[in-house]
Amino acid sequence: QVQLAESGGGLVQAGTSLQLSCTASGGTLFRNVMAWFRQVPGKEREFVAGISGNDNTYYVDSVKGRFTISRDNAKNTIFLQMNSLKPEDTAIYYCAADGTRYYWRSSLHDRMDGYEYWGQGTQVTVSS
């Protein structure tokens, strides 16, 4: 059974940077589609960034130019580099993995039901 573990969250000031990591264990997700979502209390979990098996990347408009998703297949890990953070980026950030797909599907992978595996989440708080 694949397990995902996020790390790297914390409390930072607006305008600074933070890097999140997500490591998979208990199985291999070599070149699978993976993504980051985030959620604030009272709202639905929203797509933030995704990466396909061939390293194409996808972002929600609100983070384009500020966030970068990447992967290290040797370490079974993906990253989310977050620059120029804003208070509205405050949320719990979740890592997600598609257990089977290599290629991105635009009608699927920006939604929660595109992913079988989820981490427990890591809190990111950006103060103004």
# chains A, B, ... in the order shown; residues from 1 in each chain; ligands from 1
$ select_by_dssp --residues "chain A" --states "helix (DSSP H, G or I)" --output "MDAnalysis selection string"
chainID A and resid 61:63 73:75 87:89 112:114
$ closest_atom_pairs --of "range 45-87 of chain A" --to "range 100-123 of chain A" --cutoff "6 Å" --atoms "only C-alpha atoms" --output "tab-separated table"
residue	atom	partner	partner_atom	distance
A:Phe47	CA	A:Asp110	CA	5.5
A:Ser52	CA	A:Trp104	CA	5.4
A:Gly53	CA	A:Tyr102	CA	4.6
$ write_last_selection --atoms "C-alpha atoms" --output "mmCIF file, in the first residue's frame"
data_model
loop_
_atom_site.group_PDB
_atom_site.id
_atom_site.type_symbol
_atom_site.label_atom_id
_atom_site.label_comp_id
_atom_site.auth_asym_id
_atom_site.auth_seq_id
_atom_site.Cartn_x
_atom_site.Cartn_y
_atom_site.Cartn_z
ATOM 1 C CA PHE A 47 -5.902 21.834 -7.204
ATOM 2 C CA SER A 52 2.881 14.157 -15.422
ATOM 3 C CA GLY A 53 5.101 11.136 -15.969
#
$ residues_around --residues "Thr68 in chain A" --least-positions-apart "4" --cutoff "7 Å" --atoms "only C-alpha atoms" --output "NGL selection string"
:A and (80-82)
$ residues_around --residues "Val124 in chain A" --least-positions-apart "3" --cutoff "6 Å" --atoms "only C-alpha atoms" --output "MDAnalysis selection string"
chainID A and resid 9:10 90:92
$ write_last_selection --atoms "all heavy atoms" --output "PDB file, in the first residue's frame"
ATOM      1  N   GLY A   9       6.049  22.323   5.660  1.00  0.00           N
ATOM      2  CA  GLY A   9       5.140  23.428   5.967  1.00  0.00           C
ATOM      3  C   GLY A   9       5.643  24.262   7.132  1.00  0.00           C
ATOM      4  O   GLY A   9       6.611  23.900   7.806  1.00  0.00           O
ATOM      5  N   GLY A  10       4.978  25.386   7.361  1.00  0.00           N
ATOM      6  CA  GLY A  10       5.374  26.237   8.471  1.00  0.00           C
ATOM      7  C   GLY A  10       4.728  27.603   8.400  1.00  0.00           C
ATOM      8  O   GLY A  10       3.845  27.848   7.572  1.00  0.00           O
ATOM      9  N   THR A  90      -2.343  30.666   2.484  1.00  0.00           N
ATOM     10  CA  THR A  90      -2.492  29.933   3.732  1.00  0.00           C
ATOM     11  C   THR A  90      -3.500  28.815   3.575  1.00  0.00           C
ATOM     12  O   THR A  90      -4.633  29.041   3.144  1.00  0.00           O
ATOM     13  CB  THR A  90      -2.927  30.883   4.854  1.00  0.00           C
ATOM     14  OG1 THR A  90      -1.886  31.838   5.095  1.00  0.00           O
ATOM     15  CG2 THR A  90      -3.214  30.115   6.139  1.00  0.00           C
ATOM     16  N   ALA A  91      -3.087  27.582   3.910  1.00  0.00           N
ATOM     17  CA  ALA A  91      -3.946  26.411   3.745  1.00  0.00           C
ATOM     18  C   ALA A  91      -3.199  25.181   4.240  1.00  0.00           C
ATOM     19  O   ALA A  91      -1.998  25.240   4.536  1.00  0.00           O
ATOM     20  CB  ALA A  91      -4.316  26.213   2.280  1.00  0.00           C
ATOM     21  N   ILE A  92      -3.908  24.077   4.299  1.00  0.00           N
ATOM     22  CA  ILE A  92      -3.259  22.778   4.456  1.00  0.00           C
ATOM     23  C   ILE A  92      -2.979  22.269   3.050  1.00  0.00           C
ATOM     24  O   ILE A  92      -3.889  22.223   2.201  1.00  0.00           O
ATOM     25  CB  ILE A  92      -4.147  21.790   5.226  1.00  0.00           C
ATOM     26  CG1 ILE A  92      -4.426  22.313   6.629  1.00  0.00           C
ATOM     27  CG2 ILE A  92      -3.467  20.423   5.291  1.00  0.00           C
ATOM     28  CD1 ILE A  92      -5.396  21.466   7.419  1.00  0.00           C
TER      29      ILE A  92
END
$ closest_residue --among "A:Cys95, A:Ala49, A:Val33, A:Ala74" --to "Ala5 in chain A" --atoms "only C-alpha atoms"
A:Cys95
$ atom_distance --atom1 "CA of Gln1 in chain A" --atom2 "CA of Val40 in chain A"
27.8 Å
$ atom_distance --atom1 "CA of Phe67 in chain A" --atom2 "CA of Val2 in chain A"
25.8 Å
$ atom_distance --atom1 "CA of Val60 in chain A" --atom2 "CA of Phe79 in chain A"
16.0 Å
$ closest_residue --among "A:Glu88, A:Ser21, A:Ala97, A:Gln3" --to "Gly50 in chain A" --atoms "only C-alpha atoms"
A:Ala97
$ closest_residue --among "A:Asn83, A:Asn73, A:Thr16, A:Ser128" --to "Arg31 in chain A" --atoms "only C-alpha atoms"
A:Asn73
$ select_by_dssp --residues "chain A" --states "strand (DSSP E or B)" --output "PyMOL selection string"
chain A and resi 3-7+10-13+18-25+34-39+46-51+57-59+67-72+77-82+91-97+117-118+122-127
$ closest_residue --among "A:Ser70, A:Ser84, A:Val63, A:Ser127" --to "Arg38 in chain A" --atoms "only C-alpha atoms"
A:Val63
$ closest_residue --among "A:Val126, A:Val48, A:Pro41, A:Ser17" --to "Pro87 in chain A" --atoms "only C-alpha atoms"
A:Val126
$ decode --residues "range 42-55 of chain A" --atoms "all heavy atoms" --output "mmCIF file, in the first residue's frame"
data_model
loop_
_atom_site.group_PDB
_atom_site.id
_atom_site.type_symbol
_atom_site.label_atom_id
_atom_site.label_comp_id
_atom_site.auth_asym_id
_atom_site.auth_seq_id
_atom_site.Cartn_x
_atom_site.Cartn_y
_atom_site.Cartn_z
ATOM 1 N N GLY A 42 -13.759 25.210 5.648
ATOM 2 C CA GLY A 42 -15.016 25.651 5.065
ATOM 3 C C GLY A 42 -15.048 25.691 3.558
ATOM 4 O O GLY A 42 -16.079 26.039 2.971
ATOM 5 N N LYS A 43 -13.925 25.351 2.939
ATOM 6 C CA LYS A 43 -13.879 25.362 1.473
ATOM 7 C C LYS A 43 -13.465 24.003 0.950
ATOM 8 O O LYS A 43 -12.873 23.194 1.658
ATOM 9 C CB LYS A 43 -12.905 26.432 0.977
ATOM 10 C CG LYS A 43 -13.363 27.854 1.240
ATOM 11 C CD LYS A 43 -12.492 28.854 0.505
ATOM 12 C CE LYS A 43 -13.006 30.263 0.680
ATOM 13 N NZ LYS A 43 -12.182 31.250 -0.066
ATOM 14 N N GLU A 44 -13.751 23.767 -0.327
ATOM 15 C CA GLU A 44 -13.351 22.513 -0.951
ATOM 16 C C GLU A 44 -11.847 22.495 -1.191
ATOM 17 O O GLU A 44 -11.218 23.548 -1.364
ATOM 18 C CB GLU A 44 -14.081 22.340 -2.288
ATOM 19 C CG GLU A 44 -15.581 22.095 -2.148
ATOM 20 C CD GLU A 44 -16.215 21.762 -3.480
ATOM 21 O OE1 GLU A 44 -15.528 21.805 -4.505
ATOM 22 O OE2 GLU A 44 -17.415 21.449 -3.486
ATOM 23 N N ARG A 45 -11.308 21.292 -1.227
ATOM 24 C CA ARG A 45 -9.898 21.131 -1.543
ATOM 25 C C ARG A 45 -9.698 21.511 -3.017
ATOM 26 O O ARG A 45 -10.444 21.056 -3.889
ATOM 27 C CB ARG A 45 -9.473 19.689 -1.311
ATOM 28 C CG ARG A 45 -7.994 19.468 -1.245
ATOM 29 C CD ARG A 45 -7.667 18.066 -0.747
ATOM 30 N NE ARG A 45 -8.161 17.833 0.604
ATOM 31 C CZ ARG A 45 -7.889 16.714 1.293
ATOM 32 N NH1 ARG A 45 -7.158 15.752 0.750
ATOM 33 N NH2 ARG A 45 -8.378 16.570 2.517
ATOM 34 N N GLU A 46 -8.696 22.362 -3.278
ATOM 35 C CA GLU A 46 -8.488 22.833 -4.639
ATOM 36 C C GLU A 46 -7.140 22.403 -5.184
ATOM 37 O O GLU A 46 -6.147 22.299 -4.455
ATOM 38 C CB GLU A 46 -8.589 24.370 -4.712
ATOM 39 C CG GLU A 46 -7.475 25.121 -4.034
ATOM 40 C CD GLU A 46 -7.418 26.593 -4.428
ATOM 41 O OE1 GLU A 46 -8.131 27.022 -5.358
ATOM 42 O OE2 GLU A 46 -6.601 27.316 -3.816
ATOM 43 N N PHE A 47 -7.120 22.175 -6.496
ATOM 44 C CA PHE A 47 -5.902 21.834 -7.204
ATOM 45 C C PHE A 47 -4.942 23.016 -7.200
ATOM 46 O O PHE A 47 -5.349 24.163 -7.409
ATOM 47 C CB PHE A 47 -6.249 21.442 -8.641
ATOM 48 C CG PHE A 47 -5.066 21.312 -9.549
ATOM 49 C CD1 PHE A 47 -4.263 20.191 -9.514
ATOM 50 C CD2 PHE A 47 -4.759 22.331 -10.446
ATOM 51 C CE1 PHE A 47 -3.175 20.075 -10.342
ATOM 52 C CE2 PHE A 47 -3.668 22.225 -11.284
ATOM 53 C CZ PHE A 47 -2.876 21.096 -11.242
ATOM 54 N N VAL A 48 -3.654 22.746 -6.986
ATOM 55 C CA VAL A 48 -2.633 23.784 -7.006
ATOM 56 C C VAL A 48 -1.657 23.568 -8.157
ATOM 57 O O VAL A 48 -1.426 24.474 -8.968
ATOM 58 C CB VAL A 48 -1.865 23.826 -5.676
ATOM 59 C CG1 VAL A 48 -0.729 24.844 -5.738
ATOM 60 C CG2 VAL A 48 -2.807 24.128 -4.520
ATOM 61 N N ALA A 49 -1.066 22.364 -8.218
ATOM 62 C CA ALA A 49 -0.058 22.078 -9.233
ATOM 63 C C ALA A 49 0.013 20.572 -9.460
ATOM 64 O O ALA A 49 -0.220 19.796 -8.530
ATOM 65 C CB ALA A 49 1.305 22.601 -8.803
ATOM 66 N N GLY A 50 0.361 20.185 -10.692
ATOM 67 C CA GLY A 50 0.489 18.776 -11.018
ATOM 68 C C GLY A 50 1.643 18.534 -11.956
ATOM 69 O O GLY A 50 2.107 19.455 -12.651
ATOM 70 N N ILE A 51 2.113 17.282 -11.978
ATOM 71 C CA ILE A 51 3.224 16.910 -12.842
ATOM 72 C C ILE A 51 2.939 15.534 -13.427
ATOM 73 O O ILE A 51 2.528 14.606 -12.720
ATOM 74 C CB ILE A 51 4.568 16.950 -12.079
ATOM 75 C CG1 ILE A 51 5.743 16.718 -13.022
ATOM 76 C CG2 ILE A 51 4.577 15.973 -10.906
ATOM 77 C CD1 ILE A 51 7.093 17.078 -12.391
ATOM 78 N N SER A 52 3.139 15.420 -14.742
ATOM 79 C CA SER A 52 2.881 14.157 -15.422
ATOM 80 C C SER A 52 4.124 13.271 -15.402
ATOM 81 O O SER A 52 5.197 13.685 -14.968
ATOM 82 C CB SER A 52 2.471 14.422 -16.869
ATOM 83 O OG SER A 52 3.575 14.977 -17.590
ATOM 84 N N GLY A 53 3.976 12.061 -15.910
ATOM 85 C CA GLY A 53 5.101 11.136 -15.969
ATOM 86 C C GLY A 53 6.237 11.620 -16.857
ATOM 87 O O GLY A 53 7.394 11.275 -16.628
ATOM 88 N N ASN A 54 5.903 12.421 -17.863
ATOM 89 C CA ASN A 54 6.939 12.978 -18.751
ATOM 90 C C ASN A 54 7.295 14.407 -18.350
ATOM 91 O O ASN A 54 7.794 15.175 -19.161
ATOM 92 C CB ASN A 54 6.494 12.901 -20.209
ATOM 93 C CG ASN A 54 5.160 13.566 -20.448
ATOM 94 O OD1 ASN A 54 4.494 13.993 -19.510
ATOM 95 N ND2 ASN A 54 4.760 13.662 -21.693
ATOM 96 N N ASP A 55 7.012 14.749 -17.074
ATOM 97 C CA ASP A 55 7.444 16.000 -16.451
ATOM 98 C C ASP A 55 6.793 17.259 -17.005
ATOM 99 O O ASP A 55 7.327 18.364 -16.832
ATOM 100 C CB ASP A 55 8.968 16.140 -16.483
ATOM 101 C CG ASP A 55 9.657 15.142 -15.564
ATOM 102 O OD1 ASP A 55 9.004 14.652 -14.621
ATOM 103 O OD2 ASP A 55 10.836 14.835 -15.794
#
